[in-house]
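Student: This is protein-v6.txt (compact mmCIF, C-alpha atoms and all ligand atoms).
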# COMPACT_ATOMS: atom_id res chain seq x y z
CA MET A 185 -117.63 -17.27 36.50
CA ASN A 186 -115.83 -14.00 36.99
CA ASP A 187 -116.21 -10.64 38.60
CA TRP A 188 -114.36 -7.35 38.90
CA ASN A 189 -114.63 -4.94 41.82
CA SER A 190 -112.32 -2.00 42.11
CA SER A 191 -110.56 -1.13 45.38
CA SER A 192 -112.52 -3.42 47.67
CA PRO A 193 -110.83 -4.13 51.01
CA PRO A 194 -108.48 -7.10 50.97
CA ASN A 195 -109.66 -10.49 52.08
CA SER A 196 -107.59 -11.11 55.20
CA ARG A 197 -108.48 -14.77 55.44
CA PRO A 198 -105.28 -16.61 56.33
CA GLY A 199 -104.20 -20.00 55.04
CA SER A 200 -101.27 -21.45 53.18
CA GLY A 201 -103.08 -23.47 50.58
CA GLY A 202 -106.43 -21.86 50.04
CA SER A 203 -109.73 -23.06 51.42
CA SER A 204 -112.94 -24.50 50.13
CA VAL A 205 -116.06 -22.49 49.41
CA GLY A 206 -119.61 -23.20 48.39
CA GLY A 207 -122.18 -25.36 50.00
CA GLY A 208 -124.27 -28.13 48.58
CA GLY A 209 -122.71 -29.19 45.28
CA SER A 210 -119.05 -29.33 44.34
CA LYS A 211 -116.85 -27.16 46.53
CA ALA A 212 -114.40 -24.80 44.86
CA LYS A 213 -110.96 -24.56 46.36
CA GLN A 214 -110.36 -20.86 47.01
CA ILE A 215 -106.93 -19.41 46.36
CA LYS A 216 -106.00 -15.84 47.25
CA LEU A 217 -103.45 -14.55 44.74
CA VAL A 218 -101.64 -11.23 44.64
CA LEU A 219 -100.18 -9.55 41.55
CA LEU A 220 -97.06 -7.51 42.28
CA GLY A 221 -94.55 -5.61 40.15
CA ASP A 222 -93.63 -2.18 38.89
CA SER A 223 -96.22 0.15 37.44
CA GLY A 224 -96.84 -0.41 33.73
CA VAL A 225 -95.47 -3.97 33.48
CA GLY A 226 -98.90 -5.40 32.68
CA LYS A 227 -100.32 -6.72 35.97
CA SER A 228 -103.83 -5.44 35.29
CA SER A 229 -103.58 -6.63 31.70
CA ILE A 230 -102.64 -10.15 32.84
CA ALA A 231 -105.59 -10.13 35.22
CA LEU A 232 -107.94 -8.87 32.50
CA ARG A 233 -106.66 -11.44 30.04
CA PHE A 234 -107.14 -14.26 32.54
CA VAL A 235 -110.52 -13.18 33.89
CA ARG A 236 -112.18 -11.86 30.73
CA GLY A 237 -109.97 -13.01 27.88
CA GLU A 238 -109.53 -9.38 26.82
CA PHE A 239 -106.66 -6.97 26.21
CA ASN A 240 -106.88 -3.19 26.33
CA GLU A 241 -104.02 -1.08 24.89
CA ASN A 242 -105.14 1.93 26.92
CA GLY A 243 -106.12 0.43 30.24
CA GLU A 244 -106.44 2.68 33.26
CA THR A 245 -103.72 2.86 35.90
CA THR A 246 -104.67 0.90 38.99
CA ILE A 247 -105.34 3.01 42.07
CA GLY A 248 -104.66 1.16 45.33
CA ALA A 249 -105.70 -2.31 44.23
CA ALA A 250 -108.41 -4.02 42.23
CA TYR A 251 -110.13 -7.27 43.10
CA LEU A 252 -111.07 -9.86 40.53
CA THR A 253 -112.21 -13.41 40.76
CA LYS A 254 -112.37 -16.31 38.39
CA THR A 255 -113.06 -19.99 38.82
CA ILE A 256 -111.28 -22.48 36.62
CA ASN A 257 -111.35 -26.23 36.39
CA CYS A 258 -108.20 -27.95 37.49
CA GLN A 259 -108.26 -31.59 36.49
CA GLY A 260 -112.01 -31.60 36.84
CA CYS A 261 -112.14 -29.72 40.15
CA PRO A 262 -113.19 -26.07 40.52
CA ILE A 263 -110.56 -23.62 41.79
CA LYS A 264 -111.65 -20.08 42.59
CA PHE A 265 -108.92 -17.45 42.35
CA ASP A 266 -109.38 -14.31 44.46
CA ILE A 267 -107.00 -11.98 42.65
CA TRP A 268 -105.62 -8.80 44.18
CA ASP A 269 -104.19 -6.63 41.42
CA THR A 270 -102.02 -4.12 43.25
CA ALA A 271 -100.81 -0.73 42.06
CA GLY A 272 -97.09 -0.73 41.30
CA GLN A 273 -96.26 2.81 42.35
CA GLU A 274 -93.80 3.23 45.20
CA ARG A 275 -96.31 5.23 47.24
CA TYR A 276 -98.51 2.14 47.54
CA HIS A 277 -95.66 -0.18 48.53
CA SER A 278 -96.49 -0.08 52.22
CA LEU A 279 -99.98 -1.41 51.46
CA ALA A 280 -98.68 -4.53 49.76
CA PRO A 281 -98.36 -6.72 52.89
CA MET A 282 -102.12 -6.35 53.41
CA TYR A 283 -102.57 -8.14 50.11
CA TYR A 284 -99.84 -10.79 50.22
CA ARG A 285 -100.12 -11.67 53.91
CA GLY A 286 -101.76 -15.09 54.17
CA ALA A 287 -101.96 -15.45 50.39
CA PRO A 288 -100.87 -18.86 49.09
CA ALA A 289 -99.88 -17.49 45.69
CA ALA A 290 -98.25 -14.45 44.09
CA VAL A 291 -97.46 -13.50 40.51
CA VAL A 292 -94.55 -11.05 40.37
CA VAL A 293 -94.50 -9.38 36.98
CA TYR A 294 -91.80 -7.53 35.09
CA ASP A 295 -91.64 -6.15 31.56
CA VAL A 296 -89.12 -8.01 29.39
CA THR A 297 -88.25 -4.75 27.63
CA ASN A 298 -87.49 -2.89 30.88
CA VAL A 299 -84.55 -4.07 32.97
CA ASN A 300 -85.46 -1.76 35.86
CA SER A 301 -88.78 -3.52 36.18
CA TYR A 302 -86.89 -6.82 36.42
CA HIS A 303 -84.77 -5.49 39.30
CA LYS A 304 -87.95 -4.28 40.99
CA ALA A 305 -89.46 -7.74 40.55
CA THR A 306 -86.46 -9.39 42.22
CA ARG A 307 -86.93 -7.05 45.18
CA TRP A 308 -90.59 -8.07 45.43
CA VAL A 309 -89.59 -11.73 45.37
CA LYS A 310 -87.06 -11.19 48.15
CA GLU A 311 -89.67 -9.39 50.23
CA LEU A 312 -92.12 -12.25 49.71
CA LEU A 313 -89.51 -14.86 50.60
CA GLN A 314 -88.79 -13.01 53.84
CA GLN A 315 -92.22 -11.88 54.86
CA ALA A 316 -94.95 -13.84 53.13
CA ASN A 317 -96.33 -17.27 53.80
CA ALA A 318 -93.46 -19.78 53.76
CA MET A 319 -95.48 -22.10 51.50
CA MET A 320 -96.36 -19.36 49.04
CA VAL A 321 -96.22 -20.36 45.38
CA ILE A 322 -94.48 -17.54 43.53
CA VAL A 323 -94.56 -17.05 39.78
CA LEU A 324 -92.04 -14.71 38.16
CA ALA A 325 -93.61 -13.54 34.92
CA GLY A 326 -91.64 -11.77 32.19
CA ASN A 327 -94.53 -10.02 30.46
CA LYS A 328 -94.80 -8.29 27.05
CA ALA A 329 -92.95 -11.19 25.48
CA ASP A 330 -94.71 -10.28 22.23
CA MET A 331 -92.47 -7.19 22.01
CA VAL A 332 -89.18 -9.08 21.64
CA SER A 333 -88.43 -11.61 18.95
CA ASP A 334 -86.08 -13.70 21.08
CA THR A 335 -86.45 -13.51 24.85
CA ARG A 336 -83.70 -16.03 25.59
CA SER A 337 -81.05 -13.42 26.31
CA THR A 338 -83.36 -10.97 28.10
CA ASN A 339 -84.69 -13.69 30.38
CA GLU A 340 -81.47 -15.57 31.12
CA ASP A 341 -80.96 -13.84 34.49
CA ALA A 342 -84.61 -14.22 35.34
CA ARG A 343 -84.58 -17.97 34.71
CA LYS A 344 -81.48 -18.36 36.86
CA PHE A 345 -82.97 -16.23 39.63
CA ALA A 346 -86.20 -18.26 39.46
CA ASN A 347 -84.30 -21.54 39.66
CA GLU A 348 -82.25 -20.40 42.64
CA ASN A 349 -85.33 -19.27 44.53
CA LYS A 350 -87.65 -22.11 43.49
CA LEU A 351 -90.05 -19.88 41.63
CA ILE A 352 -92.18 -20.80 38.67
CA PHE A 353 -90.86 -18.81 35.72
CA ALA A 354 -93.03 -17.81 32.79
CA GLU A 355 -92.75 -15.60 29.76
CA THR A 356 -96.16 -14.10 29.22
CA SER A 357 -98.00 -11.75 26.93
CA ALA A 358 -101.24 -10.26 28.12
CA LYS A 359 -101.62 -8.99 24.56
CA THR A 360 -101.54 -12.36 22.82
CA GLY A 361 -102.54 -14.40 25.87
CA MET A 362 -99.32 -16.42 25.80
CA HIS A 363 -98.94 -18.50 28.97
CA VAL A 364 -101.39 -16.36 30.94
CA ASP A 365 -103.93 -19.12 31.62
CA ASP A 366 -101.06 -21.56 32.11
CA ILE A 367 -99.60 -19.73 35.09
CA PHE A 368 -102.91 -19.86 36.94
CA ALA A 369 -103.37 -23.53 36.07
CA GLN A 370 -99.86 -24.29 37.31
CA ILE A 371 -100.50 -22.46 40.57
CA GLY A 372 -103.65 -24.53 41.08
CA ASN A 373 -101.73 -27.73 40.41
CA VAL A 374 -98.83 -26.83 42.70
CA ILE A 375 -101.11 -25.89 45.59
CA ALA A 376 -103.03 -29.12 45.15
CA ARG A 377 -99.73 -31.02 45.35
CA GLN A 378 -98.61 -29.05 48.42
CA GLN A 379 -101.71 -30.22 50.22
CA ALA A 380 -100.81 -33.87 49.75
CA PRO A 381 -100.17 -35.25 53.27
CA GLU A 382 -96.52 -36.12 52.72
CA VAL A 383 -95.52 -32.67 51.46
CA THR A 384 -94.28 -30.64 54.41
CA ASP A 385 -92.28 -27.81 52.82
CA ARG A 386 -92.23 -25.73 49.66
CA GLN A 387 -91.61 -28.71 47.40
CA GLY A 388 -94.40 -27.52 45.21
CA ARG A 389 -92.17 -24.82 43.82
CA GLY A 390 -90.15 -25.39 40.71
CA ASN A 391 -89.24 -24.01 37.35
CA VAL A 392 -92.23 -25.54 35.61
CA LYS A 393 -92.27 -25.92 31.85
CA LEU A 394 -95.59 -24.32 31.16
CA ALA A 395 -96.21 -25.75 27.74
CA LYS A 396 -95.89 -29.37 28.80
CA LYS A 397 -98.38 -31.50 30.64
CA GLU A 398 -97.04 -32.94 33.83
CA GLY A 399 -96.66 -36.64 34.51
CA SER A 400 -99.60 -38.96 34.51
CA LYS A 401 -99.24 -39.63 38.24
CA GLU A 402 -100.09 -36.04 39.11
CA ARG A 403 -102.54 -35.73 41.98
CA THR A 404 -105.96 -34.33 41.42
CA CYS A 405 -107.05 -31.10 43.08
CA CYS A 406 -109.80 -32.44 45.25
N1 LIG B 1 -97.34 -5.23 23.92
C1 LIG B 1 -97.82 -5.49 25.14
N2 LIG B 1 -98.32 -4.49 25.89
C2 LIG B 1 -98.80 -4.79 27.12
C3 LIG B 1 -98.79 -6.12 27.63
N3 LIG B 1 -99.32 -6.10 28.87
C4 LIG B 1 -99.64 -4.81 29.12
N4 LIG B 1 -99.34 -4.02 28.07
C5 LIG B 1 -99.54 -2.56 27.98
O1 LIG B 1 -98.74 -1.95 28.98
C6 LIG B 1 -99.39 -0.85 29.57
C7 LIG B 1 -99.50 -1.03 31.08
O2 LIG B 1 -100.31 -2.16 31.35
P1 LIG B 1 -101.06 -2.34 32.75
O3 LIG B 1 -101.75 -3.65 32.70
O4 LIG B 1 -101.89 -1.15 33.08
O5 LIG B 1 -99.82 -2.40 33.75
P2 LIG B 1 -99.82 -2.40 35.35
O6 LIG B 1 -99.55 -0.99 35.78
O7 LIG B 1 -98.71 -3.32 35.74
O8 LIG B 1 -101.16 -2.88 35.80
C8 LIG B 1 -100.78 -0.76 28.87
O9 LIG B 1 -100.70 0.20 27.84
C9 LIG B 1 -100.97 -2.15 28.30
O10 LIG B 1 -101.79 -2.12 27.16
C10 LIG B 1 -98.26 -7.16 26.80
O11 LIG B 1 -98.20 -8.35 27.16
N5 LIG B 1 -97.80 -6.78 25.57
MG MG B 2 -102.55 -1.94 37.07
Let's see the structure in the file written out as structure tokens.

Tutor:
Amino acid sequence: MNDWNSSSPPNSRPGSGGSSVGGGGSKAKQIKLVLLGDSGVGKSSIALRFVRGEFNENGETTIGAAYLTKTINCQGCPIKFDIWDTAGQERYHSLAPMYYRGAPAAVVVYDVTNVNSYHKATRWVKELLQQANAMMVIVLAGNKADMVSDTRSTNEDARKFANENKLIFAETSAKTGMHVDDIFAQIGNVIARQQAPEVTDRQGRGNVKLAKKEGSKERTCC
């Protein structure tokens, strides 16, 4: 199930861990997620890859923000992502709080071939840590990993920064699809864990190894 509406007004529904939607049958947990990062780093491409499984070399620049939604199964339970794909240009920066306020999850994207975009991403993370929901799950995604043969050196700082700030770090490629679905699945899992009664702070955050399955004692989503 997915949908794409351009420039709809943001959903201002508050909540740290998403809410449930749908009557009657199985309820989907609803998670508002915001994509942030410099213009051209691949935010819209990550969204398109996740929602439609497609990649477009010549995608259009996002104006304002685009809204997309997709429901995935997380350990047998439906999770509906309400995705706000923001425009990266500086002139839209002041609009960003409308999208991240109350959101339980953010994906901050940079381009692994562009160090300026990494510095911009760290500024977004700092803004989120100061101003967004204290329980927010933040993914730092080094996108366009398909363009470098060995990302170890380019991403060394990013991994360290992610560790220090308890972010989930991922190297992604919207072009090949590498780790794109994984970051959304990890967000679903972390938010499900956060909602366990004994978890009272941001313990859900961590530098998660995306390729590996987590331990067998992991809680289910619903
Ligand atoms: N090689 C490669 N190109 C990408 C990737 N993601 C996005 N692009 C390209 O980068 C450009 C900007 O992408 P876009 O999604 O519009 O960036 P946004 O401004 O952050 O939304 C487009 O030409 C995309 O085709 C990727 O993972 N690999
Ligand atoms: Mg865009």

Student: What are the closest atom pairs, with distances in Å to one decimal, for each residue of chain A lying within 10 Å of ligand LIG 1 (chain B), using only C-alpha atoms and all ligand atoms, rows by chain and rising residue number, as CSV?

Tutor:
residue,atom,partner,partner_atom,distance
A:Leu219,CA,B:LIG1,O7,8.6
A:Leu220,CA,B:LIG1,O7,7.9
A:Gly221,CA,B:LIG1,O7,6.5
A:Asp222,CA,B:LIG1,O7,6.1
A:Ser223,CA,B:LIG1,O6,3.9
A:Gly224,CA,B:LIG1,O6,3.4
A:Val225,CA,B:LIG1,O7,4.0
A:Gly226,CA,B:LIG1,O5,3.3
A:Lys227,CA,B:LIG1,O7,3.8
A:Ser228,CA,B:LIG1,O8,3.7
A:Ser229,CA,B:LIG1,O3,3.6
A:Ile230,CA,B:LIG1,O3,6.6
A:Ala231,CA,B:LIG1,O3,7.9
A:Leu232,CA,B:LIG1,O3,8.1
A:Arg233,CA,B:LIG1,N3,9.2
A:Phe239,CA,B:LIG1,O10,6.9
A:Asn240,CA,B:LIG1,O10,5.3
A:Glu241,CA,B:LIG1,O10,3.3
A:Asn242,CA,B:LIG1,O9,4.9
A:Gly243,CA,B:LIG1,O4,5.3
A:Glu244,CA,B:LIG1,O4,6.0
A:Thr245,CA,B:LIG1,O4,5.2
A:Thr246,CA,B:LIG1,O8,6.1
A:Ile247,CA,B:LIG1,O6,9.4
A:Ala249,CA,B:LIG1,O8,9.6
A:Ala250,CA,B:LIG1,O8,9.8
A:Asp269,CA,B:LIG1,O8,7.4
A:Thr270,CA,B:LIG1,O8,7.6
A:Ala271,CA,B:LIG1,O6,6.4
A:Gly272,CA,B:LIG1,O6,6.0
A:Gln273,CA,B:LIG1,O6,8.3
A:Val292,CA,B:LIG1,O7,9.9
A:Val293,CA,B:LIG1,O7,7.5
A:Tyr294,CA,B:LIG1,O7,8.1
A:Asp295,CA,B:LIG1,N3,8.1
A:Val296,CA,B:LIG1,O11,9.4
A:Thr297,CA,B:LIG1,N1,9.8
A:Ser301,CA,B:LIG1,O7,9.9
A:Gly326,CA,B:LIG1,O11,8.9
A:Asn327,CA,B:LIG1,O11,5.2
A:Lys328,CA,B:LIG1,O11,3.4
A:Ala329,CA,B:LIG1,O11,6.2
A:Asp330,CA,B:LIG1,N5,5.7
A:Met331,CA,B:LIG1,N1,5.6
A:Val332,CA,B:LIG1,N1,9.3
A:Glu355,CA,B:LIG1,O11,9.4
A:Thr356,CA,B:LIG1,O11,6.4
A:Ser357,CA,B:LIG1,O11,3.4
A:Ala358,CA,B:LIG1,O11,3.7
A:Lys359,CA,B:LIG1,O11,4.3
A:Thr360,CA,B:LIG1,O11,6.8
A:Gly361,CA,B:LIG1,O11,7.6
A:Met362,CA,B:LIG1,O11,8.3
A:Val364,CA,B:LIG1,O11,9.4

Student: Atom CA of A:Ala305 and atom CA of A:Val218 are how many Å apart?

Tutor: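 Atom CA of A:Val218 lies at a distance of 13.3 Å from atom CA of A:Ala305.
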
Student: Which residues are near stretch 337-349 of chain A? Cut-off 10 Å, all atoms listed in the file, ignore same chain within fewer than 3 positions. Put them as a PyMOL selection string.

Tutor: chain A and resi 294+296-299+302-303+305-306+309-310+313+322-326+329+332+334+352-355+389-392

Student: Please report the interatomic distance between atom CA of A:Trp268 and atom CA of A:Ala376 in Å with one decimal.

Tutor: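 Separation between atom CA of A:Trp268 and atom CA of A:Ala376: 20.5 Å.
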
Student: Nearest to A:Asn317 among A:Lys211, A:Ser333, A:Pro288, A:Pro281, with distances taken over all atoms listed in the file: which residue is it?

Tutor: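 Of the candidates, the smallest distance to A:Asn317 is held by A:Pro288.
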
Student: Rank A:Glu238, A:His363, A:Ala316, A:Gly248 by their smallest atom-to-atom distance to ligand MG 2 (chain B), using all atoms listed in the file, and report the top residue only.

Tutor: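 Smallest distance to ligand MG 2 (chain B) is found for A:Gly248.
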
Student: Mind pulling up the distance from atom CA of A:Phe368 to atom CA of A:Lys304?

Tutor: 22.0 Å

Student: For A:Lys254, work out the shell of residues within 12 Å, counting all atoms listed in the file and skipping chain neighbours fewer than 5 positions away, then give it as an NGL selection string.

Tutor: :A and (185-188 or 212-217 or 231-237 or 262-268 or 365 or 368-369)

Student: Counting all atoms listed in the file, figure out which residue out of A:Ala290, A:Tyr251, A:Gln370, A:Gln378 gets nearest to ligand MG 2 (chain B).

Tutor: A:Tyr251

Student: Given all atoms listed in the file as the basis, pick out the residue of A:Tyr276, A:Ala318, A:Asn300, A:Leu351 nearest to ligand MG 2 (chain B).

Tutor: A:Tyr276
